[in-house]
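Reading through the C-alpha cells given below for one structure.
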Amino acid sequence: MESDLGRALACALACVALAVPLAGTALAQPCPPDEIFGVRRLALVGEEPRALAVADLDNDGDLDVIVVNNGGDSISIGLNDGEGRLGRPTEYPVPRPGTAAAGDFDGDGDMDVAVTLGTGGVQIMENQGDGFLVEAGQFIPGVGLFSLVSADFDGDGWPDLAGIDRLRPAGVNIFRNDRAGGFEEGDRYIIPDGFRLVAEDLDRDGTVDVAVALGFSGVQAFLNFGNGRMVPMPRIEPTDLDVAGFGIGDVTGDGAPEMLLGAFGLEFGVLTNDGQGAFDRTPLLLTAGSTIRHLAAGDFNGDCLNDIVVAEPRDNTVGLLLQDAAGGFGPVVRTPVQVEPEAMIVADFNNDGAADVLVANRQSNTVSLLINTCAAARPCRADLDCSGALELGDFLAFQNLFDAGDPKADFDGDGSLTIFDFLAFTDAFQDGC
C-alpha cells in the first residue's frame with residue numbers, strides 16, 4: 001500500500017510540476033547578524049528572576065511567560081498581547097520558588113503551572129482559563145527537587161513531571177499524572193549530582209527522553225522506552241570542559257538535538273547527536289562570554305542552518321553565533337540586555353514564524369524579549385530544499401521527506417502522511433508563502 005501510494009505521489013508530483021508555474025519565486029535573503037534583533041522589549045518582574053517557562057495561559061494563541069523570582073518568594077505571569085508585549089506581569093506568592101513547568105495537568109483544556117518549592121515539594125497552580133492562577137495543592141516528592149520539566153513521558157495523553165532531587169543519593173525523579181490534577185511518584189534514576197534537566201526526543205522515536213547536566217561529572221541522557229521507563233545511557237565527561245551550563249538544540253538540522261554545554265571559561269561546547277540518542281564525547285568548542293549557563297539553538301537569519309544563542313551574565317548580553325554552510329560558526333555577535341541575564345528561552349513570541357529570545361535579568365528584576373525582525377527568518381514552509389526560492393527542487397524534497405516518513409511532510413497537520421499532505425504542500429507552493 002505504501003509503495004503504491006509512493007508511486008501515485010511520484011506521478012502526481014510530475015504532473016503538478018508541469019502544471020504549476022515554477023518561476024523560481026525569490027524569497028527574502030539572510031540578514032546580517034547585527035540586524036536580527038531589531039526590537040527589544042522589557043518587563044519588570046519580581047526579585048531575582050532566575051528561571052523561565054512559557055505556555056499559552058489565556059488561550060489566545062500567543063505564548064505567555066512564567067518567571068520564577070528566586071529572591072522574591074513569587075512567580076510573575078506576563079500575558080502576551082501577540083506582539084511580544086507582556087504588559088505589567090501579575091505576581092503570585094510562592095514560598096522560595098525554584099523552577100517552573102507548564103502543562104494541562106487536570107485535563108480541562110487550560111495550561112496549569114507547577115513550581116518547585118525551597119520548603120520542599122511542588123506547588124500546582126490551576127489555570128482558571130484566562131491566565132489567572134489559583135493554588136490547587138502541593139505534593140512532596142523530596143525537599144531537594146528542582147529543575148522541573150513537563151512532558152507526557154508514559155504516552156497516556158496526560159502531562160507528567162520530572163525533576164532533579166538533590167537529596168543524597170541524587171536522582172532524576174519521574175512523577176506520573178494521576179489524571180485528577182495530581183501526581184504519583186514513579187521511577188527514580190540515581191545520578192552523581194545534577195543542576196539542570198531538559199526533556200526532548202533525543203533518539204527520534206516519538207517519545208520524550210531526558211538529559212541532565214551533572215556538573216563536574218559531565219552529562220547523561222536517559223532514553224524513554226515509551227511507557228515512561230528510562231534507559232540510562234553512559235555518562236559523558238567531555239574532554240577539556242567543566243560543565244557549568246546546559247541546553248539542548250538541533251544544531252545539525254537532522255531532527256536529533258545536540259547537547260550544548262556551558263563552561264566557566266570563554267569556551268562552550270556542542271556534543272553531536274548520532275540520531276539515536278548517543279552523543280560524541282569530544283565537544284566542538286566555540287568561544288563566547290565567560291560563565292555561560294544557558295544555551296539554545298534556532299535559525300535566526302533564515303538560511304536554514306541552526307545557529308546558537310547564549311546568555312552572557314558577565315557581559316550583560318545575549319551572544320549569537322551564526323552557523324555557516326560548512327558547519328562552522330562565526331564570531332559571537334552581542335545584543336545588550338540588562339544586568340546578569342541567566343535563564344533563556346527561544347520561541348516565537350509574536351507569531352511571525354521567526355525565533356525570538358527571552359532572557360531573565362537576575363540583578364535588574366526584569367525580563368528582556370529580543371524580537372527577531374529578520375524577514376528571511378520567517379519560514380516559508382514550501383521552500384523544503386532551503387534554496388531561497390520556490391522551484392522544482394521543493395517538489396523533489398517533499399517526495400524524499402514523504403518517502404522517509406518525515407513529519408516535515410505532514411502539511412495538513414493530521415499526524416499521518418497521505419495524499420492530502422501533497423495537496424496541502426501544492427497549495428502552499430502556489431500561494432508563494
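Going by the C-alpha cells order, chains are called A, B, ..., each with residues numbered from 1, while ligands are numbered from 1 in the order shown.
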Margin query: Residues near A:Phe175, anyone? I mean within 6 Å using only C-alpha atoms, not counting same-chain ones fewer than 2 positions away, as a list in words.
Written below: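 Final neighbour list, sorted by chain and number: Asp160, Leu161, Ala162, Phe183, Glu184, Glu185 and Gly186 of chain A.
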Next item on the list: Write out as a ChimeraX atom specification the residues lying within 10 Å of A:Arg168, counting only C-alpha atoms and excluding same-chain residues fewer than 6 positions away.
Entry: /A:144,190-193
Checklist line | Which of A:Arg50, A:Asp427, A:Leu202, A:Phe422 sits closest to A:Ile345 [using only C-alpha atoms] | finding: A:Arg50
Next item on the list: Name the residues of stretch 244-280 of chain A that fall into strand (DSSP E) according to DSSP on the backbone, using the chain letters and numbers of this document, as a PyMOL selection string.
Entry: chain A and resi 245-249+258-262+267-271
Notebook entry, point to check: Looking at A:Ala256, A:Leu295, A:Ala151, A:Val94, which one is nearest to A:Asn70, with distances taken over only C-alpha atoms?
Noted result: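 Checking each of A:Ala256, A:Leu295, A:Ala151, A:Val94 against A:Asn70, counting only C-alpha atoms, the winner is A:Val94.
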Checklist line | Selection near stretch 409-416 of chain A, 10 Å with only C-alpha atoms, sequence-local residues under 3 positions removed, as a ChimeraX atom specification | finding: /A:381-382,384,397-406,419-428
Next item on the list: Tell me which of A:Met344, A:Gly129, A:Leu321, A:Gly228 sits closest to A:Asn177, counting only C-alpha atoms.
Entry: A:Gly228
Find the nearest atom pair between each residue of stretch 130-177 of chain A and stretch 207-223 of chain A for residues within 9 Å, count only C-alpha atoms, give distances in Å to one decimal, sort rows by chain and ascending number, and present the table as CSV.
residue,atom,partner,partner_atom,distance
A:Ala151,CA,A:Val208,CA,7.0
A:Asp152,CA,A:Val208,CA,7.2
A:Phe153,CA,A:Val208,CA,5.8
A:Asp154,CA,A:Thr207,CA,8.5
A:Gly155,CA,A:Thr207,CA,7.7
A:Ala162,CA,A:Val210,CA,8.6
A:Ile164,CA,A:Val212,CA,8.4
A:Val172,CA,A:Val212,CA,8.2
Note to self: Please list as a ChimeraX atom specification every residue within 7 Å of stretch 359-368 of chain A, counting only C-alpha atoms and excluding residues in the same chain fewer than 4 positions away.
What the structure shows: /A:40-50,337-345
Those residues with N, CA, C and O atoms, as a CSV table (one decimal), in the first residue's frame please?
chain,number,residue,atom,x,y,z
A,40,ARG,N,13.5,45.3,20.9
A,40,ARG,CA,13.8,44.8,22.2
A,40,ARG,C,12.7,45.3,23.2
A,40,ARG,O,12.5,46.5,23.3
A,41,ARG,N,12.1,44.4,23.9
A,41,ARG,CA,11.1,44.7,24.9
A,41,ARG,C,11.6,44.4,26.3
A,41,ARG,O,12.4,43.5,26.5
A,42,LEU,N,11.0,45.1,27.3
A,42,LEU,CA,11.4,44.9,28.6
A,42,LEU,C,10.2,44.8,29.5
A,42,LEU,O,9.2,45.6,29.3
A,43,ALA,N,10.2,44.0,30.6
A,43,ALA,CA,9.1,43.9,31.5
A,43,ALA,C,9.7,43.8,32.9
A,43,ALA,O,10.6,43.0,33.1
A,44,LEU,N,9.1,44.5,33.9
A,44,LEU,CA,9.5,44.4,35.3
A,44,LEU,C,8.8,43.1,35.9
A,44,LEU,O,7.7,42.9,35.7
A,45,VAL,N,9.6,42.4,36.7
A,45,VAL,CA,9.1,41.2,37.3
A,45,VAL,C,9.5,41.3,38.8
A,45,VAL,O,9.8,42.4,39.3
A,46,GLY,N,9.5,40.2,39.5
A,46,GLY,CA,9.8,40.1,40.9
A,46,GLY,C,11.3,40.1,41.1
A,46,GLY,O,12.1,40.3,40.2
A,47,GLU,N,11.7,39.9,42.4
A,47,GLU,CA,13.1,40.0,42.8
A,47,GLU,C,13.9,38.7,42.4
A,47,GLU,O,13.5,37.6,42.6
A,48,GLU,N,15.0,38.9,41.7
A,48,GLU,CA,16.0,37.9,41.3
A,48,GLU,C,15.3,36.8,40.5
A,48,GLU,O,15.2,35.6,40.8
A,49,PRO,N,14.8,37.2,39.3
A,49,PRO,CA,14.3,36.1,38.3
A,49,PRO,C,15.4,35.2,37.8
A,49,PRO,O,16.4,35.7,37.3
A,50,ARG,N,15.3,33.9,38.0
A,50,ARG,CA,16.3,33.0,37.6
A,50,ARG,C,15.8,31.8,36.8
A,50,ARG,O,16.7,31.0,36.4
A,337,VAL,N,21.4,43.4,27.0
A,337,VAL,CA,20.2,43.3,27.7
A,337,VAL,C,20.4,44.0,29.0
A,337,VAL,O,21.1,45.1,29.1
A,338,GLN,N,19.9,43.5,30.1
A,338,GLN,CA,20.1,44.2,31.4
A,338,GLN,C,21.1,43.3,32.3
A,338,GLN,O,21.8,42.5,31.7
A,339,VAL,N,21.1,43.6,33.6
A,339,VAL,CA,22.2,43.1,34.4
A,339,VAL,C,22.0,41.6,34.7
A,339,VAL,O,21.0,41.2,35.3
A,340,GLU,N,23.0,40.8,34.4
A,340,GLU,CA,23.1,39.4,34.7
A,340,GLU,C,22.0,38.5,34.1
A,340,GLU,O,21.2,37.9,34.8
A,341,PRO,N,22.0,38.4,32.8
A,341,PRO,CA,21.0,37.5,32.2
A,341,PRO,C,21.3,36.1,32.4
A,341,PRO,O,22.5,35.7,32.3
A,342,GLU,N,20.3,35.3,32.9
A,342,GLU,CA,20.6,33.9,33.2
A,342,GLU,C,19.7,33.0,32.4
A,342,GLU,O,20.1,32.5,31.3
A,343,ALA,N,18.5,32.7,32.9
A,343,ALA,CA,17.6,31.8,32.2
A,343,ALA,C,17.2,32.4,30.8
A,343,ALA,O,17.1,33.6,30.6
A,344,MET,N,17.1,31.5,29.8
A,344,MET,CA,16.8,31.9,28.4
A,344,MET,C,15.9,30.9,27.7
A,344,MET,O,16.1,29.7,28.0
A,345,ILE,N,15.0,31.4,26.9
A,345,ILE,CA,14.1,30.5,26.1
A,345,ILE,C,14.1,31.1,24.7
A,345,ILE,O,13.9,32.3,24.5
Note to self: Report as an NGL selection string all protein, DNA and RNA residues lying within 7 Å of A:Ala51, evaluated on only C-alpha atoms, omitting residues in the same chain fewer than 3 positions from it.
What the structure shows: :A and (67-68 or 99 or 343)
Output of the above residues as a PDB file, in the first residue's frame, restricted to all heavy atoms:
ATOM      1  N   VAL A  67       7.718  33.547  35.045  1.00  0.00           N
ATOM      2  CA  VAL A  67       9.021  33.930  35.583  1.00  0.00           C
ATOM      3  C   VAL A  67       9.088  33.506  37.048  1.00  0.00           C
ATOM      4  O   VAL A  67       8.195  33.840  37.835  1.00  0.00           O
ATOM      5  CB  VAL A  67       9.249  35.452  35.478  1.00  0.00           C
ATOM      6  CG1 VAL A  67      10.667  35.805  35.921  1.00  0.00           C
ATOM      7  CG2 VAL A  67       8.996  35.944  34.060  1.00  0.00           C
ATOM      8  N   VAL A  68      10.134  32.785  37.406  1.00  0.00           N
ATOM      9  CA  VAL A  68      10.333  32.351  38.791  1.00  0.00           C
ATOM     10  C   VAL A  68      11.290  33.325  39.463  1.00  0.00           C
ATOM     11  O   VAL A  68      12.453  33.436  39.071  1.00  0.00           O
ATOM     12  CB  VAL A  68      10.886  30.916  38.844  1.00  0.00           C
ATOM     13  CG1 VAL A  68      11.107  30.483  40.284  1.00  0.00           C
ATOM     14  CG2 VAL A  68       9.938  29.953  38.138  1.00  0.00           C
ATOM     15  N   THR A  99      12.058  26.400  40.236  1.00  0.00           N
ATOM     16  CA  THR A  99      11.848  26.336  38.789  1.00  0.00           C
ATOM     17  C   THR A  99      10.370  26.072  38.547  1.00  0.00           C
ATOM     18  O   THR A  99       9.613  25.744  39.466  1.00  0.00           O
ATOM     19  CB  THR A  99      12.690  25.222  38.143  1.00  0.00           C
ATOM     20  OG1 THR A  99      12.363  23.958  38.755  1.00  0.00           O
ATOM     21  CG2 THR A  99      14.173  25.482  38.303  1.00  0.00           C
ATOM     22  N   ALA A 343      18.480  32.748  32.871  1.00  0.00           N
ATOM     23  CA  ALA A 343      17.584  31.839  32.164  1.00  0.00           C
ATOM     24  C   ALA A 343      17.243  32.393  30.787  1.00  0.00           C
ATOM     25  O   ALA A 343      17.141  33.604  30.592  1.00  0.00           O
ATOM     26  CB  ALA A 343      16.323  31.619  32.993  1.00  0.00           C
TER      27      ALA A 343
END
Margin query: What's the separation between atom CA of A:Asp203 and atom CA of A:Glu258, in Å to one decimal place?
Written below: 10.6 Å
Notebook entry, point to check: Could you state the separation of atom CA of A:Leu284 and atom CA of A:Leu260 in Å, given to one decimal place?
Noted result: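 Computing it gives 9.6 Å between the two atoms.
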Note to self: For A:Ser387, find every residue with an atom within 9 Å (counting only C-alpha atoms), except residues of its own chain fewer than 5 positions away, and show them as a PyMOL selection string.
What the structure shows: chain A and resi 27+303-304+393-394
Next item on the list: Have a look at A:Val149, A:Val346, A:Ile236, A:Leu197 and name the one nearest to A:Gly171; count only C-alpha atoms.
Entry: A:Leu197
